[in-house]
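First comes the structure, then the notes that go with it.
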Number of protein chains: 2
Amino acid sequence: MSVTPFRPIQGRRIFEEILDQLEQAILDGHISAGDRLPSERQLAEQFNASRTSVREAVRVLEALGVAKVKPGAENGAVLVEKPDDALRLLLRFQLALRHISIASVIEFRTVLEPWSARAASERATDDAISRMQAVLVAMGNPIVGPAEFHQLDATFHIEIARAAQNDLVVLVLDGARTSIERIMLDALSRVPDWPATRVRIRDEHAQIVNAIAKRRAEDAETLMKRHIRSFYDEIGL
Amino acid sequence: MSVTPFRPIQGRRIFEEILDQLEQAILDGHISAGDRLPSERQLAEQFNASRTSVREAVRVLEALGVAKVKPGAENGAVLVEKPDDALRLLLRFQLALRHISIASVIEFRTVLEPWSARAASERATDDAISRMQAVLVAMGNPIVGPAEFHQLDATFHIEIARAAQNDLVVLVLDGARTSIERIMLDALSRVPDWPATRVRIRDEHAQIVNAIAKRRAEDAETLMKRHIRSFYDEIGL
DNA sequence: ATAGGGCCAATTGTCCAACCAATCAACATG
DNA sequence: CATGTTGATTGGTTGGACAATTGGCCCTAT
């Protein structure tokens, strides 16, 4: 086990140089979230590069969830304000390649969701708790089918992660859930007794929110752990 | 709080179509990790698209840590075997944009590293434990400076995450650490008494490995939690 | 027979010029 | 004042061209 002082020599490509300069510009505060980048043609001129190279750099930013691009005058590439689905594409491909397994994604949630519930119990603002309760109300509507319910479930868990006030946890937990969204939906649509399942899940959510609102961190963590496990058990994963 | 059944209409671009088809090809097992993609020109012909569109798709795959590209005959785009630094670029930009904070990355580690140590205590193979001990030996060399030590420290934590046998945890924990690597190195180089620090950190590592080897999960978790906290306290973060 | 150098083919990297499509603001028109 | 039109700007796409890199091949000298 030795550490060589050598580092690989790799020909830097132009679009990588552009990416580095853009990153530095962001770090230096010259451009920040919400700002619009110059047009591809202007960037090409400023970097003294071709439009193709600039496009490749922009394409990468888009794939990383850093920028969103729209054609049209007054539009262009805009640095995103909230990195919602930054990890979505990445995890989808990593799953496809079997570099990560569905089981590991599920286990990942069983670790971080309970932590989120605990942290939320200690940090949640009254506003955050109100938003959770609003989701509960929406879930109480007997009309909602599995697909809409799943959307509400996603919102619920995101709200808790946000209340835990850890940006990175929000990011990866959201990514972990959406990366296996399709599989979950398939499984949900095959649940034998949907109305009963819906009521039970909503009930578990209600208990969790209650624990968070009463600042019972230990209970919130335990309830969440049980909730996640029973959920995946129910849909057979 | 209502759920509309509408979804945004977005003009699909050619490179996105190509990405989808490539993902499907991977899911269907037509191509898998380690395989070499057809050349850009061949892909352009098969998709009936221009080389530029194919290039943008390949560029995205590269940014996601899915493929590595090298010019030259017999080379080309190869699907990576291990997604080592898939998250590196993404987290770097998310950090630059202040979408995630350094504090959240550190807290993230204080949650998942102890869990890894616990899981490793229950799941580690003898081989994995041997690799951890090998890292300890290398760390015992008084010659190693902060930079090399940090590299060994990275290897140590990766080995534990691997022993915990959760692919996703390995991925995100590695990404979390490398995303703030530069900051950590700067901080490490300013440690007042480096020899003492080195010995202390190695000692903590040794205790953790010992707990894992003896399958004392509770101890491993506690020791790791203390280790991570004291580490960041020491370098003033 | 083998080691080494040099050539060649295939591939990616880059650039360019042009055109298409989408978008929005300003203007014209009723 | 509402509506439709137009023009400018922007990203999307294409095809072609040349440079740089790599690896395999042959050929020669030892």
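Chain lettering (A, B, ...) mirrors the order of the structure tokens, residue numbering begins at 1 for each chain separately, and ligand numbering begins at 1 in order of display.
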
Margin query: When you look at segment 29-33 of chain A with a cut-off of 7 Å (counting only C-alpha atoms (C1' of nucleotides)), what residues show up, excluding the ones that are within fewer than 6 positions of it in the same chain? I need them as a ChimeraX atom specification.
Written below: /A:79-81 /B:97

Specify as a ChimeraX atom specification all residues of chain A found within 10 Å of chain C, counting only C-alpha atoms (C1' of nucleotides). /A:13-14,49-53,70-75

Filtering to N, CA and C atoms, could you give me those residues as a short mmCIF file (atom, residue, chain, number, x, y, z; two decimals), in the first residue's frame?
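The new file again-v5.cif reads:
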data_model
loop_
_atom_site.label_atom_id
_atom_site.label_comp_id
_atom_site.auth_asym_id
_atom_site.auth_seq_id
_atom_site.Cartn_x
_atom_site.Cartn_y
_atom_site.Cartn_z
N ARG A 13 -9.26 19.07 -22.61
CA ARG A 13 -10.02 19.44 -23.79
C ARG A 13 -10.59 20.83 -23.58
N ILE A 14 -10.93 21.46 -24.66
CA ILE A 14 -11.36 22.85 -24.59
C ILE A 14 -12.62 23.01 -23.74
N ALA A 49 -13.19 30.19 -28.60
CA ALA A 49 -13.40 28.78 -28.94
C ALA A 49 -14.58 28.70 -29.92
N SER A 50 -14.77 27.52 -30.45
CA SER A 50 -15.88 27.36 -31.37
C SER A 50 -17.18 27.19 -30.61
N ARG A 51 -18.26 27.41 -31.31
CA ARG A 51 -19.56 27.26 -30.67
C ARG A 51 -19.75 25.81 -30.23
N THR A 52 -19.21 24.89 -30.99
CA THR A 52 -19.35 23.47 -30.65
C THR A 52 -18.80 23.19 -29.25
N SER A 53 -17.61 23.68 -28.98
CA SER A 53 -16.99 23.43 -27.66
C SER A 53 -17.83 24.06 -26.56
N LYS A 70 -33.08 27.14 -22.77
CA LYS A 70 -34.27 27.34 -23.59
C LYS A 70 -33.90 28.20 -24.78
N PRO A 71 -34.40 27.84 -25.96
CA PRO A 71 -34.10 28.66 -27.13
C PRO A 71 -34.97 29.91 -27.14
N GLY A 72 -34.64 30.81 -27.99
CA GLY A 72 -35.44 32.03 -28.13
C GLY A 72 -34.70 33.25 -27.64
N ALA A 73 -35.02 34.36 -28.25
CA ALA A 73 -34.42 35.62 -27.83
C ALA A 73 -34.72 35.86 -26.35
N GLU A 74 -33.80 36.51 -25.68
CA GLU A 74 -33.97 36.83 -24.26
C GLU A 74 -33.91 35.59 -23.38
N ASN A 75 -33.74 34.43 -23.98
CA ASN A 75 -33.62 33.21 -23.17
C ASN A 75 -32.17 32.78 -23.13
#

Worksheet entry | DSSP strand (DSSP E) residues within segment 6-233 of chain A, as an NGL selection string | :A and (67-70 or 76-79)

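In chain D, the set of residues within 10 Å of chain B (atoms considered: only C-alpha atoms (C1' of nucleotides)) is DG12, DT13, DT14, DG15, DA20, DT21, DT22, DG23 and DG24 of chain D.
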
At a cut-off of 6 Å, can you tabulate as a Markdown table every residue of chain A near chain B together with its closest atom pair and the distance in Å to one decimal, using only C-alpha atoms and ordering rows by chain then number?
| residue | atom | partner | partner_atom | distance |
| --- | --- | --- | --- | --- |
| A:Leu27 | CA | B:Ala96 | CA | 5.2 |
| A:Val60 | CA | B:Val60 | CA | 5.6 |
| A:Leu64 | CA | B:Leu90 | CA | 5.4 |
| A:Leu90 | CA | B:Leu64 | CA | 5.4 |
| A:Ala96 | CA | B:Leu27 | CA | 5.2 |
| A:Ile100 | CA | B:Asp167 | CA | 5.0 |
| A:Ser104 | CA | B:Asn166 | CA | 5.2 |
| A:Asn166 | CA | B:Ser104 | CA | 5.2 |
| A:Asp167 | CA | B:Ile100 | CA | 5.0 |
| A:Leu168 | CA | B:Ile100 | CA | 5.7 |

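In this structure, atom CA of Leu43 of chain B sits 16.1 Å away from atom CA of Lys68 of chain B.
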
Computed gap from atom CA of Pro146 of chain A to atom CA of Ala117 of chain A is 23.7 Å

- What are the DSSP alpha helix (DSSP H) residues of segment 95-186 of chain A, as a ChimeraX atom specification? /A:95-96,102-123,126-140,146-163,167-179,181-186

Deliver the residues from the most recent selection as a file, using C-alpha atoms, as a short mmCIF file (atom, residue, chain, number, x, y, z; two decimals), in the first residue's frame.
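Wrote again37.cif, looks like this:
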data_model
loop_
_atom_site.label_atom_id
_atom_site.label_comp_id
_atom_site.auth_asym_id
_atom_site.auth_seq_id
_atom_site.Cartn_x
_atom_site.Cartn_y
_atom_site.Cartn_z
CA LEU A 95 -28.78 1.78 -11.86
CA ALA A 96 -29.00 0.66 -15.48
CA ILE A 102 -32.18 -1.16 -6.10
CA ALA A 103 -31.66 -2.81 -2.75
CA SER A 104 -28.90 -0.37 -1.93
CA VAL A 105 -31.13 2.55 -2.84
CA ILE A 106 -33.84 1.26 -0.53
CA GLU A 107 -31.41 0.61 2.29
CA PHE A 108 -30.01 4.08 1.74
CA ARG A 109 -33.46 5.50 2.39
CA THR A 110 -33.91 3.41 5.51
CA VAL A 111 -30.80 5.08 6.88
CA LEU A 112 -31.30 8.70 5.90
CA GLU A 113 -35.06 9.10 6.17
CA PRO A 114 -35.12 8.26 9.88
CA TRP A 115 -32.24 10.63 10.45
CA SER A 116 -34.17 13.32 8.59
CA ALA A 117 -37.20 12.76 10.78
CA ARG A 118 -35.04 13.05 13.88
CA ALA A 119 -33.30 16.19 12.70
CA ALA A 120 -36.61 17.66 11.55
CA SER A 121 -37.94 17.18 15.07
CA GLU A 122 -35.19 19.39 16.36
CA ARG A 123 -35.03 21.95 13.57
CA ASP A 126 -43.71 26.01 12.27
CA ASP A 127 -44.11 26.75 8.58
CA ALA A 128 -42.46 23.48 7.63
CA ILE A 129 -44.75 21.57 9.94
CA SER A 130 -47.74 23.31 8.42
CA ARG A 131 -46.66 22.19 4.97
CA MET A 132 -46.40 18.60 6.18
CA GLN A 133 -49.88 18.77 7.59
CA ALA A 134 -51.17 20.18 4.32
CA VAL A 135 -49.83 17.12 2.55
CA LEU A 136 -51.63 14.94 5.09
CA VAL A 137 -54.90 16.65 4.29
CA ALA A 138 -54.43 16.07 0.58
CA MET A 139 -53.64 12.42 1.27
CA GLY A 140 -56.90 12.09 3.16
CA PRO A 146 -51.70 5.33 -6.47
CA ALA A 147 -49.97 7.68 -8.92
CA GLU A 148 -51.20 10.90 -7.32
CA PHE A 149 -50.66 9.46 -3.87
CA HIS A 150 -47.10 8.67 -4.75
CA GLN A 151 -46.59 12.28 -5.81
CA LEU A 152 -47.91 13.43 -2.44
CA ASP A 153 -45.71 10.90 -0.70
CA ALA A 154 -42.70 12.32 -2.51
CA THR A 155 -43.63 15.84 -1.43
CA PHE A 156 -44.07 14.65 2.13
CA HIS A 157 -40.62 13.13 2.39
CA ILE A 158 -39.01 16.09 0.67
CA GLU A 159 -40.63 18.44 3.17
CA ILE A 160 -39.20 16.45 6.06
CA ALA A 161 -35.75 16.42 4.52
CA ARG A 162 -35.98 20.15 4.00
CA ALA A 163 -37.06 20.63 7.58
CA ASP A 167 -29.12 20.55 1.55
CA LEU A 168 -27.12 17.51 0.58
CA VAL A 169 -29.50 15.13 2.29
CA VAL A 170 -32.41 16.72 0.43
CA LEU A 171 -30.54 16.33 -2.83
CA VAL A 172 -29.52 12.70 -2.54
CA LEU A 173 -32.67 11.54 -0.81
CA ASP A 174 -34.77 13.08 -3.55
CA GLY A 175 -32.51 11.54 -6.17
CA ALA A 176 -32.64 8.15 -4.51
CA ARG A 177 -36.41 8.15 -4.48
CA THR A 178 -36.93 9.37 -8.04
CA SER A 179 -34.34 7.00 -9.44
CA GLU A 181 -39.83 5.94 -9.07
CA ARG A 182 -41.01 3.88 -12.01
CA ILE A 183 -40.42 0.64 -10.15
CA MET A 184 -42.28 1.93 -7.13
CA LEU A 185 -45.23 3.03 -9.23
CA ASP A 186 -45.44 -0.36 -10.89
#
